$ cat query27.cif   # mmCIF, C-alpha atoms
data_model
#
loop_
_atom_site.label_atom_id
_atom_site.label_comp_id
_atom_site.auth_asym_id
_atom_site.auth_seq_id
_atom_site.Cartn_x
_atom_site.Cartn_y
_atom_site.Cartn_z
CA MET P 22 22.86 -54.42 -85.11
CA TYR P 23 23.76 -58.11 -85.57
CA LEU P 24 25.37 -58.30 -82.13
CA ALA P 25 22.48 -56.48 -80.40
CA THR P 26 19.89 -58.61 -82.23
CA GLY P 27 21.70 -61.88 -81.50
CA LEU P 28 22.02 -61.03 -77.81
CA PHE P 29 18.33 -60.10 -77.60
CA LEU P 30 17.21 -63.31 -79.33
CA VAL P 31 19.37 -65.52 -77.09
CA THR P 32 18.05 -63.74 -73.99
CA LEU P 33 14.43 -64.01 -75.14
CA VAL P 34 14.75 -67.73 -76.02
CA LEU P 35 16.20 -68.50 -72.57
CA ILE P 36 13.43 -66.47 -70.87
CA ILE P 37 10.77 -68.48 -72.69
CA TRP P 38 12.54 -71.85 -72.48
CA GLN P 39 13.73 -71.51 -68.84
CA PRO P 40 16.18 -74.46 -69.06
CA LYS P 41 16.67 -76.31 -65.76
CA GLY P 42 14.34 -73.87 -64.01
CA LEU P 43 16.42 -70.81 -64.88
CA GLN P 44 14.47 -67.79 -63.57
CA ILE P 45 13.36 -65.11 -66.04
CA GLY P 46 14.93 -62.32 -63.97
CA THR P 47 18.27 -64.11 -63.77
CA THR P 48 18.30 -64.58 -67.54
CA ALA P 49 17.39 -60.96 -68.22
CA VAL P 50 20.08 -59.61 -65.86
CA THR P 51 22.66 -61.97 -67.41
CA GLY P 52 21.70 -60.61 -70.84
CA ALA P 53 22.05 -57.06 -69.53
CA VAL P 54 25.53 -57.78 -68.12
CA ALA P 55 26.52 -59.33 -71.46
CA ALA P 56 25.23 -56.22 -73.27
CA LEU P 57 27.45 -54.07 -71.04
CA LEU P 58 30.53 -56.24 -71.50
CA LEU P 59 30.05 -56.41 -75.28
CA GLY P 60 29.59 -52.65 -75.54
CA VAL P 61 26.02 -52.89 -76.85
CA VAL P 62 25.00 -50.51 -74.03
CA ASP P 63 26.92 -48.39 -71.52
CA PHE P 64 26.33 -47.41 -67.88
CA ASP P 65 24.48 -44.24 -68.90
CA ASP P 66 22.01 -46.46 -70.78
CA VAL P 67 21.53 -48.58 -67.64
CA ILE P 68 20.70 -45.45 -65.64
CA THR P 69 18.31 -44.26 -68.39
CA VAL P 70 16.49 -47.60 -68.49
CA THR P 71 16.24 -47.76 -64.68
CA LYS P 72 14.68 -44.28 -64.66
CA ILE P 73 12.12 -45.44 -67.23
CA VAL P 74 11.04 -48.70 -65.56
CA TRP P 75 11.57 -48.34 -61.77
CA ASP P 76 8.14 -46.82 -61.08
CA ALA P 77 6.31 -49.32 -63.30
CA THR P 78 8.12 -52.31 -61.83
CA LEU P 79 7.61 -51.37 -58.18
CA ALA P 80 3.96 -50.51 -58.86
CA PHE P 81 3.50 -53.91 -60.47
CA ILE P 82 4.99 -55.67 -57.42
CA GLY P 83 2.64 -53.70 -55.18
CA ILE P 84 -0.41 -54.66 -57.25
CA ILE P 85 0.57 -58.34 -57.12
CA ILE P 86 1.16 -58.26 -53.32
CA LEU P 87 -2.25 -56.63 -52.86
CA SER P 88 -3.80 -59.33 -55.08
CA MET P 89 -2.12 -62.08 -53.08
CA VAL P 90 -3.44 -60.72 -49.77
CA LEU P 91 -6.97 -60.43 -51.18
CA ASP P 92 -6.66 -63.97 -52.50
CA GLU P 93 -5.67 -65.23 -49.02
CA ILE P 94 -8.78 -63.56 -47.58
CA GLY P 95 -10.96 -65.33 -50.17
CA PHE P 96 -11.92 -62.13 -52.00
CA PHE P 97 -11.49 -63.45 -55.55
CA GLU P 98 -12.98 -66.87 -54.82
CA TRP P 99 -16.03 -65.14 -53.34
CA ALA P 100 -16.33 -63.01 -56.48
CA ALA P 101 -15.98 -66.01 -58.83
CA ILE P 102 -18.66 -68.03 -57.02
CA ARG P 103 -20.89 -64.98 -56.81
CA MET P 104 -20.68 -64.48 -60.57
CA ALA P 105 -21.35 -68.18 -61.21
CA LYS P 106 -24.40 -68.14 -58.95
CA LEU P 107 -25.76 -65.04 -60.69
CA SER P 108 -25.93 -67.04 -63.94
CA ARG P 109 -28.75 -69.14 -62.42
CA GLY P 110 -27.55 -72.23 -64.23
CA SER P 111 -27.19 -70.77 -67.73
CA GLY P 112 -23.85 -71.75 -69.27
CA ASN P 113 -23.89 -68.79 -71.67
CA ARG P 114 -24.62 -66.30 -68.90
CA MET P 115 -21.89 -67.83 -66.74
CA PHE P 116 -19.43 -67.51 -69.63
CA VAL P 117 -20.22 -63.80 -70.00
CA TYR P 118 -20.19 -63.11 -66.24
CA ILE P 119 -16.84 -64.83 -65.77
CA LEU P 120 -15.40 -62.71 -68.58
CA LEU P 121 -16.78 -59.56 -66.94
CA LEU P 122 -15.13 -60.61 -63.68
CA GLY P 123 -11.86 -61.19 -65.53
CA ALA P 124 -12.14 -57.70 -67.04
CA LEU P 125 -12.63 -56.14 -63.60
CA VAL P 126 -9.71 -58.06 -62.09
CA ALA P 127 -7.46 -57.06 -65.00
CA ALA P 128 -8.49 -53.42 -64.68
CA PHE P 129 -7.70 -53.06 -60.97
CA PHE P 130 -5.15 -55.83 -60.33
CA ALA P 131 -3.35 -55.98 -63.71
CA ASN P 132 -3.38 -58.72 -66.32
CA ASP P 133 -0.66 -60.66 -64.51
CA GLY P 134 -2.77 -60.60 -61.34
CA ALA P 135 -5.65 -62.09 -63.31
CA ALA P 136 -3.36 -64.84 -64.62
CA LEU P 137 -1.81 -65.68 -61.25
CA ILE P 138 -4.86 -65.36 -59.01
CA LEU P 139 -8.03 -65.91 -61.01
CA THR P 140 -6.92 -68.79 -63.26
CA PRO P 141 -6.51 -71.46 -60.54
CA ILE P 142 -9.79 -70.38 -58.93
CA LEU P 143 -11.67 -70.70 -62.23
CA LEU P 144 -10.08 -74.06 -62.98
CA ALA P 145 -11.08 -75.41 -59.57
CA LYS P 146 -14.67 -74.20 -59.98
CA MET P 147 -14.97 -75.66 -63.50
CA LYS P 148 -13.91 -79.06 -62.17
CA TYR P 149 -16.24 -78.66 -59.20
CA LEU P 150 -19.10 -78.10 -61.64
CA LYS P 151 -18.10 -81.33 -63.46
CA MET P 152 -17.66 -79.60 -66.82
CA ASN P 153 -16.28 -81.64 -69.71
CA PRO P 154 -12.73 -80.94 -71.02
CA LEU P 155 -13.95 -78.90 -74.01
CA ALA P 156 -15.99 -76.59 -71.77
CA ILE P 157 -13.08 -76.20 -69.35
CA PHE P 158 -10.79 -75.33 -72.27
CA ALA P 159 -13.29 -72.73 -73.55
CA PHE P 160 -13.63 -71.03 -70.16
CA LEU P 161 -9.88 -71.06 -69.49
CA MET P 162 -8.92 -69.73 -72.92
CA ALA P 163 -11.57 -67.03 -72.68
CA GLY P 164 -10.45 -66.08 -69.17
CA GLY P 165 -6.83 -65.89 -70.28
CA PHE P 166 -7.76 -63.74 -73.28
CA ILE P 167 -9.86 -61.21 -71.36
CA GLY P 168 -7.03 -60.75 -68.86
CA ASP P 169 -4.99 -59.02 -71.58
CA SER P 170 -7.71 -57.59 -73.81
CA ALA P 171 -9.30 -55.75 -70.85
CA SER P 172 -6.00 -54.53 -69.35
CA ASN P 173 -6.24 -51.10 -70.98
CA PRO P 174 -8.52 -48.83 -68.88
CA LEU P 175 -6.19 -47.64 -66.11
CA VAL P 176 -2.49 -46.95 -65.85
CA ILE P 177 -2.25 -49.76 -63.26
CA SER P 178 -3.96 -52.35 -65.47
CA ASN P 179 -0.79 -53.47 -67.24
CA LEU P 180 2.95 -53.02 -66.84
CA THR P 181 3.07 -51.71 -70.42
CA ASN P 182 0.55 -48.99 -69.48
CA ILE P 183 2.67 -47.78 -66.55
CA VAL P 184 5.88 -47.77 -68.60
CA THR P 185 4.27 -45.74 -71.38
CA ALA P 186 2.44 -43.34 -69.04
CA ASP P 187 5.72 -42.66 -67.22
CA TYR P 188 7.67 -42.28 -70.46
CA PHE P 189 5.28 -39.70 -71.93
CA HIS P 190 4.24 -38.16 -68.56
CA ILE P 191 0.57 -39.09 -69.00
CA GLY P 192 -1.55 -38.49 -65.88
CA PHE P 193 -3.84 -41.11 -64.31
CA MET P 194 -7.09 -39.33 -65.25
CA GLU P 195 -5.85 -38.27 -68.69
CA TYR P 196 -4.97 -41.88 -69.46
CA ALA P 197 -8.28 -43.24 -68.13
CA GLY P 198 -10.29 -40.69 -70.14
CA ASN P 199 -8.54 -41.54 -73.40
CA MET P 200 -8.74 -45.29 -72.88
CA PHE P 201 -12.35 -45.57 -71.66
CA LEU P 202 -13.96 -46.06 -75.07
CA PRO P 203 -11.23 -48.27 -76.61
CA ASN P 204 -11.31 -50.54 -73.56
CA LEU P 205 -15.11 -50.72 -73.60
CA PHE P 206 -14.98 -51.68 -77.28
CA SER P 207 -12.28 -54.25 -76.50
CA ILE P 208 -14.32 -55.88 -73.72
CA VAL P 209 -17.56 -56.03 -75.72
CA ALA P 210 -15.74 -57.36 -78.80
CA SER P 211 -13.83 -59.93 -76.74
CA ILE P 212 -17.00 -61.30 -75.15
CA ALA P 213 -18.87 -61.40 -78.47
CA VAL P 214 -16.06 -63.02 -80.46
CA LEU P 215 -15.10 -65.50 -77.73
CA ARG P 216 -18.72 -66.52 -77.21
CA PHE P 217 -19.15 -67.07 -80.96
CA TYR P 218 -15.87 -68.99 -81.29
CA PHE P 219 -16.63 -71.34 -78.37
CA ARG P 220 -20.41 -71.50 -78.91
CA LYS P 221 -20.38 -75.30 -79.39
CA ASP P 222 -18.31 -75.93 -76.26
CA ILE P 223 -20.20 -73.76 -73.75
CA PRO P 224 -22.72 -75.94 -71.87
CA LEU P 225 -26.34 -74.82 -72.03
CA LYS P 226 -26.98 -75.68 -68.38
CA VAL P 227 -24.68 -75.76 -65.36
CA ASP P 228 -25.63 -77.05 -61.91
CA VAL P 229 -24.53 -74.05 -59.83
CA ASP P 230 -25.96 -75.70 -56.71
CA LEU P 231 -22.79 -77.82 -56.66
CA LEU P 232 -20.85 -74.67 -55.70
CA PRO P 233 -20.56 -73.58 -52.06
CA GLU P 234 -22.22 -70.38 -50.88
CA PRO P 235 -20.03 -67.32 -51.60
CA ALA P 236 -19.88 -66.28 -47.93
CA SER P 237 -18.47 -69.69 -46.93
CA VAL P 238 -15.16 -69.13 -48.77
CA ILE P 239 -14.33 -65.86 -46.98
CA ARG P 240 -11.55 -66.68 -44.54
CA ASN P 241 -11.59 -63.43 -42.58
CA GLN P 242 -14.81 -61.43 -42.45
CA THR P 243 -13.21 -58.33 -40.92
CA MET P 244 -10.52 -58.09 -43.59
CA PHE P 245 -13.07 -58.82 -46.31
CA LYS P 246 -15.14 -55.80 -45.22
CA LEU P 247 -12.03 -53.65 -44.84
CA SER P 248 -10.95 -54.65 -48.36
CA TRP P 249 -13.71 -52.65 -50.03
CA LEU P 250 -12.90 -49.51 -48.07
CA PHE P 251 -9.17 -49.94 -48.66
CA LEU P 252 -9.61 -50.34 -52.42
CA LEU P 253 -11.68 -47.13 -52.53
CA LEU P 254 -9.00 -45.27 -50.57
CA LEU P 255 -6.30 -46.66 -52.85
CA MET P 256 -8.14 -45.38 -55.93
CA ALA P 257 -8.46 -42.00 -54.22
CA GLY P 258 -4.70 -42.14 -53.61
CA TYR P 259 -4.06 -42.67 -57.32
CA LEU P 260 -6.16 -39.59 -58.11
CA ILE P 261 -4.36 -37.48 -55.49
CA GLY P 262 -1.03 -38.70 -56.86
CA ASP P 263 -2.16 -37.61 -60.32
CA LEU P 264 -2.89 -34.08 -59.06
CA TYR P 265 0.49 -33.72 -57.36
CA HIS P 266 2.56 -35.76 -59.85
CA ILE P 267 3.49 -38.41 -57.27
CA PRO P 268 4.88 -41.68 -58.75
CA ILE P 269 2.17 -44.31 -58.90
CA SER P 270 4.39 -46.89 -57.17
CA ILE P 271 4.23 -44.83 -53.94
CA PHE P 272 0.54 -45.67 -53.68
CA ALA P 273 0.58 -49.12 -55.31
CA LEU P 274 3.51 -50.59 -53.37
CA GLY P 275 3.05 -48.45 -50.26
CA GLY P 276 -0.66 -49.26 -50.13
CA ALA P 277 -0.02 -52.98 -50.66
CA LEU P 278 2.51 -53.11 -47.81
CA LEU P 279 0.11 -51.22 -45.52
CA PHE P 280 -2.70 -53.62 -46.42
CA LEU P 281 -0.36 -56.56 -45.79
CA PHE P 282 0.47 -55.13 -42.35
CA ILE P 283 -3.23 -54.72 -41.48
CA ALA P 284 -3.99 -58.26 -42.69
CA ALA P 285 -1.14 -59.60 -40.55
CA ARG P 286 -2.54 -57.82 -37.48
CA TYR P 287 -5.85 -59.60 -38.06
CA LYS P 288 -3.97 -62.88 -38.64
CA ALA P 289 -5.37 -63.17 -42.17
CA VAL P 290 -1.94 -63.72 -43.78
CA LYS P 291 1.64 -64.63 -42.96
CA PRO P 292 3.45 -61.49 -44.19
CA ILE P 293 6.93 -62.98 -44.58
CA MET P 294 5.57 -65.80 -46.75
CA THR P 295 3.54 -63.33 -48.84
CA ILE P 296 6.54 -61.07 -49.45
CA LYS P 297 8.73 -64.08 -50.33
CA ALA P 298 6.08 -65.38 -52.74
CA ALA P 299 5.80 -62.04 -54.57
CA PRO P 300 7.25 -62.18 -58.11
CA TRP P 301 10.46 -60.29 -57.36
CA GLN P 302 12.04 -61.86 -60.43
CA VAL P 303 9.87 -59.47 -62.45
CA VAL P 304 11.92 -56.54 -61.09
CA TRP P 305 15.15 -57.98 -62.51
CA PHE P 306 13.28 -59.15 -65.61
CA SER P 307 12.00 -55.65 -66.39
CA ILE P 308 15.28 -53.83 -65.84
CA GLY P 309 17.46 -56.53 -67.41
CA LEU P 310 15.36 -57.10 -70.53
CA TYR P 311 14.90 -53.39 -71.13
CA ILE P 312 18.67 -52.88 -70.97
CA VAL P 313 19.10 -55.60 -73.62
CA VAL P 314 16.37 -53.95 -75.71
CA TYR P 315 18.09 -50.58 -75.33
CA GLY P 316 20.96 -52.17 -77.23
CA LEU P 317 18.58 -52.59 -80.18
CA LYS P 318 17.72 -48.91 -79.85
CA ASN P 319 21.42 -47.99 -79.93
CA ALA P 320 21.84 -50.15 -83.03
CA GLY P 321 19.18 -48.13 -84.88
CA LEU P 322 16.05 -50.30 -84.63
CA THR P 323 13.91 -47.53 -83.14
CA GLU P 324 14.79 -45.17 -86.00
CA THR P 325 13.76 -47.88 -88.46
CA VAL P 326 10.44 -48.43 -86.67
CA ALA P 327 9.89 -44.66 -86.49
CA GLY P 328 10.32 -44.58 -90.27
CA TRP P 329 7.65 -47.26 -90.70
CA ILE P 330 5.22 -45.30 -88.51
CA ALA P 331 6.01 -42.02 -90.32
CA ALA P 332 5.28 -43.71 -93.66
CA LEU P 333 1.67 -44.25 -92.51
CA GLU P 334 0.99 -40.56 -91.86
CA PRO P 335 0.33 -39.46 -95.49
CA HIS P 336 -2.53 -42.00 -95.59
CA GLY P 337 -4.50 -40.26 -92.82
CA GLU P 338 -5.16 -40.64 -89.10
CA ALA P 339 -7.09 -43.90 -89.35
CA ALA P 340 -4.25 -45.57 -91.28
CA SER P 341 -1.68 -44.26 -88.78
CA VAL P 342 -3.62 -45.44 -85.72
CA ILE P 343 -4.60 -48.84 -87.09
CA GLY P 344 -1.20 -49.39 -88.70
CA THR P 345 0.67 -48.48 -85.49
CA GLY P 346 -1.62 -50.70 -83.41
CA PHE P 347 -1.10 -53.71 -85.66
CA LEU P 348 2.64 -53.08 -85.98
CA SER P 349 2.87 -53.11 -82.19
CA ALA P 350 0.67 -56.22 -82.05
CA ILE P 351 2.75 -58.19 -84.55
CA MET P 352 6.02 -57.22 -82.89
CA SER P 353 4.58 -58.20 -79.48
CA ALA P 354 3.42 -61.58 -80.76
CA ILE P 355 6.87 -62.31 -82.20
CA MET P 356 9.25 -60.74 -79.69
CA ASN P 357 7.10 -60.28 -76.53
CA ASN P 358 5.26 -57.09 -75.58
CA MET P 359 7.76 -55.93 -72.94
CA PRO P 360 10.56 -55.12 -75.41
CA THR P 361 7.99 -54.02 -77.99
CA ILE P 362 6.46 -51.32 -75.80
CA MET P 363 9.85 -49.70 -75.18
CA ILE P 364 10.95 -49.85 -78.84
CA MET P 365 7.63 -48.40 -79.99
CA ASP P 366 7.57 -45.71 -77.27
CA ILE P 367 11.04 -44.49 -78.27
CA ALA P 368 10.11 -44.67 -81.97
CA ILE P 369 6.97 -42.57 -81.43
CA ASP P 370 9.00 -40.16 -79.31
CA HIS P 371 11.35 -39.70 -82.29
CA LEU P 372 8.36 -38.38 -84.24
CA GLY P 373 7.41 -36.01 -81.38
CA TYR P 374 4.68 -36.67 -78.83
CA ALA P 375 2.68 -33.55 -79.73
CA GLY P 376 0.40 -34.43 -82.59
CA HIS P 377 0.99 -38.17 -82.17
CA GLU P 378 -0.88 -38.79 -78.90
CA ALA P 379 -3.27 -41.25 -80.57
CA LEU P 380 -0.32 -43.38 -81.71
CA VAL P 381 0.82 -43.74 -78.08
CA TYR P 382 -2.52 -45.28 -77.14
CA ALA P 383 -2.61 -47.37 -80.33
CA ASN P 384 0.77 -48.76 -79.31
CA ILE P 385 -0.60 -49.71 -75.87
CA LEU P 386 -3.63 -51.44 -77.39
CA GLY P 387 -1.40 -53.33 -79.82
CA SER P 388 1.04 -54.33 -77.06
CA ASN P 389 -1.77 -55.49 -74.76
CA LEU P 390 -3.86 -57.35 -77.33
CA GLY P 391 -1.27 -58.47 -79.88
CA PRO P 392 0.48 -60.89 -77.48
CA LYS P 393 -2.65 -63.06 -77.46
CA MET P 394 -1.74 -64.29 -80.95
CA THR P 395 1.13 -66.43 -79.63
CA PRO P 396 2.05 -68.05 -76.29
CA ILE P 397 5.28 -66.02 -76.06
CA GLY P 398 3.61 -62.64 -76.54
CA SER P 399 3.37 -61.52 -72.93
CA LEU P 400 4.61 -62.33 -69.46
CA ALA P 401 0.98 -62.75 -68.37
CA THR P 402 0.42 -65.53 -70.94
CA LEU P 403 3.63 -67.31 -69.95
CA LEU P 404 2.56 -67.10 -66.27
CA TRP P 405 -0.93 -68.29 -67.20
CA LEU P 406 0.40 -71.33 -69.08
CA HIS P 407 2.79 -72.08 -66.19
CA VAL P 408 -0.04 -71.92 -63.62
CA LEU P 409 -2.20 -74.27 -65.73
CA GLU P 410 0.65 -76.73 -66.26
CA LYS P 411 1.23 -76.90 -62.50
CA LYS P 412 -2.48 -77.73 -62.16
CA GLY P 413 -2.19 -80.56 -64.70
CA VAL P 414 -3.67 -78.70 -67.68
CA LYS P 415 -1.39 -78.68 -70.72
CA ILE P 416 -2.30 -76.32 -73.58
CA GLY P 417 -0.13 -76.83 -76.66
CA TRP P 418 1.43 -73.86 -78.43
CA GLY P 419 -0.23 -74.81 -81.71
CA GLU P 420 -3.61 -75.14 -80.01
CA TYR P 421 -3.16 -71.76 -78.32
CA THR P 422 -1.95 -69.97 -81.48
CA LYS P 423 -4.88 -71.29 -83.52
CA VAL P 424 -7.36 -69.65 -81.13
CA GLY P 425 -5.27 -66.49 -80.68
CA LEU P 426 -4.87 -65.80 -84.40
CA ALA P 427 -8.59 -66.32 -85.01
CA ILE P 428 -9.75 -63.95 -82.28
CA THR P 429 -7.12 -61.26 -81.66
CA PRO P 430 -7.05 -59.30 -84.98
CA VAL P 431 -10.82 -58.77 -84.92
CA VAL P 432 -10.87 -57.56 -81.32
CA LEU P 433 -7.83 -55.32 -81.85
CA LEU P 434 -9.39 -53.69 -84.92
CA ILE P 435 -12.57 -52.93 -82.96
CA ALA P 436 -10.60 -51.54 -80.01
CA LEU P 437 -8.59 -49.28 -82.33
CA SER P 438 -11.87 -48.11 -83.86
CA GLY P 439 -12.90 -47.04 -80.37
CA LEU P 440 -9.68 -45.05 -80.09
CA LEU P 441 -10.38 -43.31 -83.41
CA LEU P 442 -13.87 -42.37 -82.21
#

$ encode --input "query27.cif" --output "structure tokens"
Amino acid sequence: MYLATGLFLVTLVLIIWQPKGLQIGTTAVTGAVAALLLGVVDFDDVITVTKIVWDATLAFIGIIILSMVLDEIGFFEWAAIRMAKLSRGSGNRMFVYILLLGALVAAFFANDGAALILTPILLAKMKYLKMNPLAIFAFLMAGGFIGDSASNPLVISNLTNIVTADYFHIGFMEYAGNMFLPNLFSIVASIAVLRFYFRKDIPLKVDVDLLPEPASVIRNQTMFKLSWLFLLLLMAGYLIGDLYHIPISIFALGGALLFLFIAARYKAVKPIMTIKAAPWQVVWFSIGLYIVVYGLKNAGLTETVAGWIAALEPHGEAASVIGTGFLSAIMSAIMNNMPTIMIMDIAIDHLGYAGHEALVYANILGSNLGPKMTPIGSLATLLWLHVLEKKGVKIGWGEYTKVGLAITPVVLLIALSGLLL
């Protein structure tokens, strides 16, 4: 246990610190190799982990490639300006509409897509509107929060969702049906709590006339029109895949590559550059980190966590669901949600999936919302902070944690209440 824990902590610290530009995937794979050499895991464990995460990882890459192509077309910029214009100059309405846009982007393009694509667009528009630093901070923090808190409704909305759905063989429609109400509660609670928290910083009036017309930012009208049809067909593909038990990555990655090919034919993108720019490090990050985490499983951590969850059962369903959700949230905030989701999935599996279905979804809610309490909680937050830093916006860890700890527990409790209902 000491060896497995020490190796995990060293790997996690290097992933967060990234000394001398060390890539997260390189660090994770190095940690995995060390785990093999030290005997923390064996080759059978590597095969087991790869079977668990390959579909989720390739689907994630596909979703990001699709997001990048849509971004090149001007799809997301059009949507952001459209939402801002709909506010008709009301700062409070704009705040709510931008959060609703963030929720939609997170639902269909994953929380990491929202962090990578929507954040720089929002930052540019806030500066264009000549907002003061406090207002910019409020909008950015709120946008970053909704990216995770609204990443629950579909299997494709978060890497943690795909991993868990694959692990427990949960279908696309089954997942969506069970998560509809909790996600709705999460979105409404997020908007209400964020608006209350930042009420003094949200401007009463915003001059939306400073923004360009939405149509002017579309770089390829043909591809923009095709985008809507393609997204509908892609959703239909997910449903067909659900009926015939086809891995979701076949549609997510296959669809993204097809869309990239079509966009290239219409000269809307440069495909080689898009493929190179895709976050391939996430592939190695997912497999490598999960192998390191599997060492913790071998050392007995999952049995310990399973014991904690089992101890909640005598106190009733509400205690089990809320307790599991907050356990997952706290672990995610401390040790990142990627290792947490695997540890918790295996722990719940120890108890038996039948009869514990609600705990699986509570774990997802905790792993998706809990990371917002600290900057190290999720890959999406680390990407979000990195994107902002590149744009000259530095948000301190203390500043971030202060907001996260004030908002997250309330929203998580409300979302878990939706699950209980």

$ resolve_selection --input "query27.cif" --expression "the PyMOL selection byres ((chain P and resi 246-261) around 12)" --output "number ranges by chain"
P: 80, 83-84, 87-88, 90-97, 128-130, 175-177, 192-197, 236, 239-245, 262-277, 279-281, 283-284, 287, 289

$ closest_residue --input "query27.cif" --among "P:Trp301, P:Trp75, P:Trp405, P:Tyr374" --to "Ile191 of chain P" --atoms "all atoms listed in the file"
P:Tyr374

$ resolve_selection --input "query27.cif" --expression "the PyMOL selection byres ((chain P and resi 381) around 12)" --output "MDAnalysis selection string"
chainID P and resid 181:182 184:191 196 199:200 330 341:343 345:346 349 362:370 372:380 382:388 437 440

$ atom_distance --input "query27.cif" --atom1 "atom CA of Asp133 of chain P" --atom2 "atom CA of Ala401 of chain P"
4.7 Å

$ resolve_selection --input "query27.cif" --expression "the PyMOL selection byres ((chain P and resi 152) around 12)" --output "ChimeraX atom specification"
/P:112,143-151,153-161,222-229,231

$ write_last_selection --input "query27.cif" --atoms "C-alpha atoms" --output "compact mmCIF listing (two decimals), in the coordinates of the input"
# COMPACT_ATOMS: atom_id res chain seq x y z
CA GLY P 112 -23.85 -71.75 -69.27
CA LEU P 143 -11.67 -70.70 -62.23
CA LEU P 144 -10.08 -74.06 -62.98
CA ALA P 145 -11.08 -75.41 -59.57
CA LYS P 146 -14.67 -74.20 -59.98
CA MET P 147 -14.97 -75.66 -63.50
CA LYS P 148 -13.91 -79.06 -62.17
CA TYR P 149 -16.24 -78.66 -59.20
CA LEU P 150 -19.10 -78.10 -61.64
CA LYS P 151 -18.10 -81.33 -63.46
CA ASN P 153 -16.28 -81.64 -69.71
CA PRO P 154 -12.73 -80.94 -71.02
CA LEU P 155 -13.95 -78.90 -74.01
CA ALA P 156 -15.99 -76.59 -71.77
CA ILE P 157 -13.08 -76.20 -69.35
CA PHE P 158 -10.79 -75.33 -72.27
CA ALA P 159 -13.29 -72.73 -73.55
CA PHE P 160 -13.63 -71.03 -70.16
CA LEU P 161 -9.88 -71.06 -69.49
CA ASP P 222 -18.31 -75.93 -76.26
CA ILE P 223 -20.20 -73.76 -73.75
CA PRO P 224 -22.72 -75.94 -71.87
CA LEU P 225 -26.34 -74.82 -72.03
CA LYS P 226 -26.98 -75.68 -68.38
CA VAL P 227 -24.68 -75.76 -65.36
CA ASP P 228 -25.63 -77.05 -61.91
CA VAL P 229 -24.53 -74.05 -59.83
CA LEU P 231 -22.79 -77.82 -56.66

$ atom_distance --input "query27.cif" --atom1 "atom CA of Leu404 of chain P" --atom2 "atom CA of Asn179 of chain P"
14.1 Å

$ residues_around --input "query27.cif" --residues "segment 66-69 of chain P" --least-positions-apart "4" --cutoff "12 Å" --atoms "all atoms listed in the file" --output "VMD selection string"
chain P and resid 50 53 to 54 56 to 57 60 to 62 73 to 75 188 307 to 319

$ residues_near_point --input "query27.cif" --point "(-6.0, -62.1, -69.7)" --cutoff "9 Å" --atoms "all atoms listed in the file" --output "CSV table (one decimal) with C-alpha atoms, in the coordinates of the input"
chain,number,residue,atom,x,y,z
P,123,GLY,CA,-11.9,-61.2,-65.5
P,124,ALA,CA,-12.1,-57.7,-67.0
P,127,ALA,CA,-7.5,-57.1,-65.0
P,131,ALA,CA,-3.4,-56.0,-63.7
P,132,ASN,CA,-3.4,-58.7,-66.3
P,133,ASP,CA,-0.7,-60.7,-64.5
P,135,ALA,CA,-5.6,-62.1,-63.3
P,136,ALA,CA,-3.4,-64.8,-64.6
P,162,MET,CA,-8.9,-69.7,-72.9
P,163,ALA,CA,-11.6,-67.0,-72.7
P,164,GLY,CA,-10.4,-66.1,-69.2
P,165,GLY,CA,-6.8,-65.9,-70.3
P,166,PHE,CA,-7.8,-63.7,-73.3
P,167,ILE,CA,-9.9,-61.2,-71.4
P,168,GLY,CA,-7.0,-60.8,-68.9
P,169,ASP,CA,-5.0,-59.0,-71.6
P,170,SER,CA,-7.7,-57.6,-73.8
P,171,ALA,CA,-9.3,-55.8,-70.8
P,172,SER,CA,-6.0,-54.5,-69.4
P,393,LYS,CA,-2.6,-63.1,-77.5
P,401,ALA,CA,1.0,-62.8,-68.4
P,402,THR,CA,0.4,-65.5,-70.9
P,405,TRP,CA,-0.9,-68.3,-67.2

$ closest_residue --input "query27.cif" --among "P:Gly46, P:Gly417, P:Gly439, P:Gly52" --to "Val31 of chain P" --atoms "all atoms listed in the file"
P:Gly52

$ closest_residue --input "query27.cif" --among "P:Tyr118, P:Phe81, P:Trp329, P:Trp99" --to "Gly134 of chain P" --atoms "only C-alpha atoms"
P:Phe81

$ atom_distance --input "query27.cif" --atom1 "atom CA of Ile36 of chain P" --atom2 "atom CA of Met22 of chain P"
20.9 Å

$ closest_residue --input "query27.cif" --among "P:Ile142, P:Ile397, P:Ile85, P:Leu120" --to "Leu215 of chain P" --atoms "only C-alpha atoms"
P:Leu120

$ build_atoms --input "query27.cif" --residues "segment 436-440 of chain P" --atoms "N, CA and C atoms" --output "PDB file, in the frame of the given file"
ATOM      1  N   ALA P 436     -11.120 -52.410 -81.070  1.00  0.00           N
ATOM      2  CA  ALA P 436     -10.600 -51.540 -80.010  1.00  0.00           C
ATOM      3  C   ALA P 436      -9.954 -50.290 -80.586  1.00  0.00           C
ATOM      4  N   LEU P 437      -9.212 -50.436 -81.670  1.00  0.00           N
ATOM      5  CA  LEU P 437      -8.590 -49.280 -82.330  1.00  0.00           C
ATOM      6  C   LEU P 437      -9.642 -48.358 -82.933  1.00  0.00           C
ATOM      7  N   SER P 438     -10.763 -48.933 -83.358  1.00  0.00           N
ATOM      8  CA  SER P 438     -11.870 -48.110 -83.860  1.00  0.00           C
ATOM      9  C   SER P 438     -12.428 -47.239 -82.738  1.00  0.00           C
ATOM     10  N   GLY P 439     -12.475 -47.805 -81.536  1.00  0.00           N
ATOM     11  CA  GLY P 439     -12.900 -47.040 -80.370  1.00  0.00           C
ATOM     12  C   GLY P 439     -11.967 -45.885 -80.085  1.00  0.00           C
ATOM     13  N   LEU P 440     -10.670 -46.113 -80.288  1.00  0.00           N
ATOM     14  CA  LEU P 440      -9.680 -45.050 -80.090  1.00  0.00           C
ATOM     15  C   LEU P 440      -9.880 -43.936 -81.125  1.00  0.00           C
TER      16      LEU P 440
END
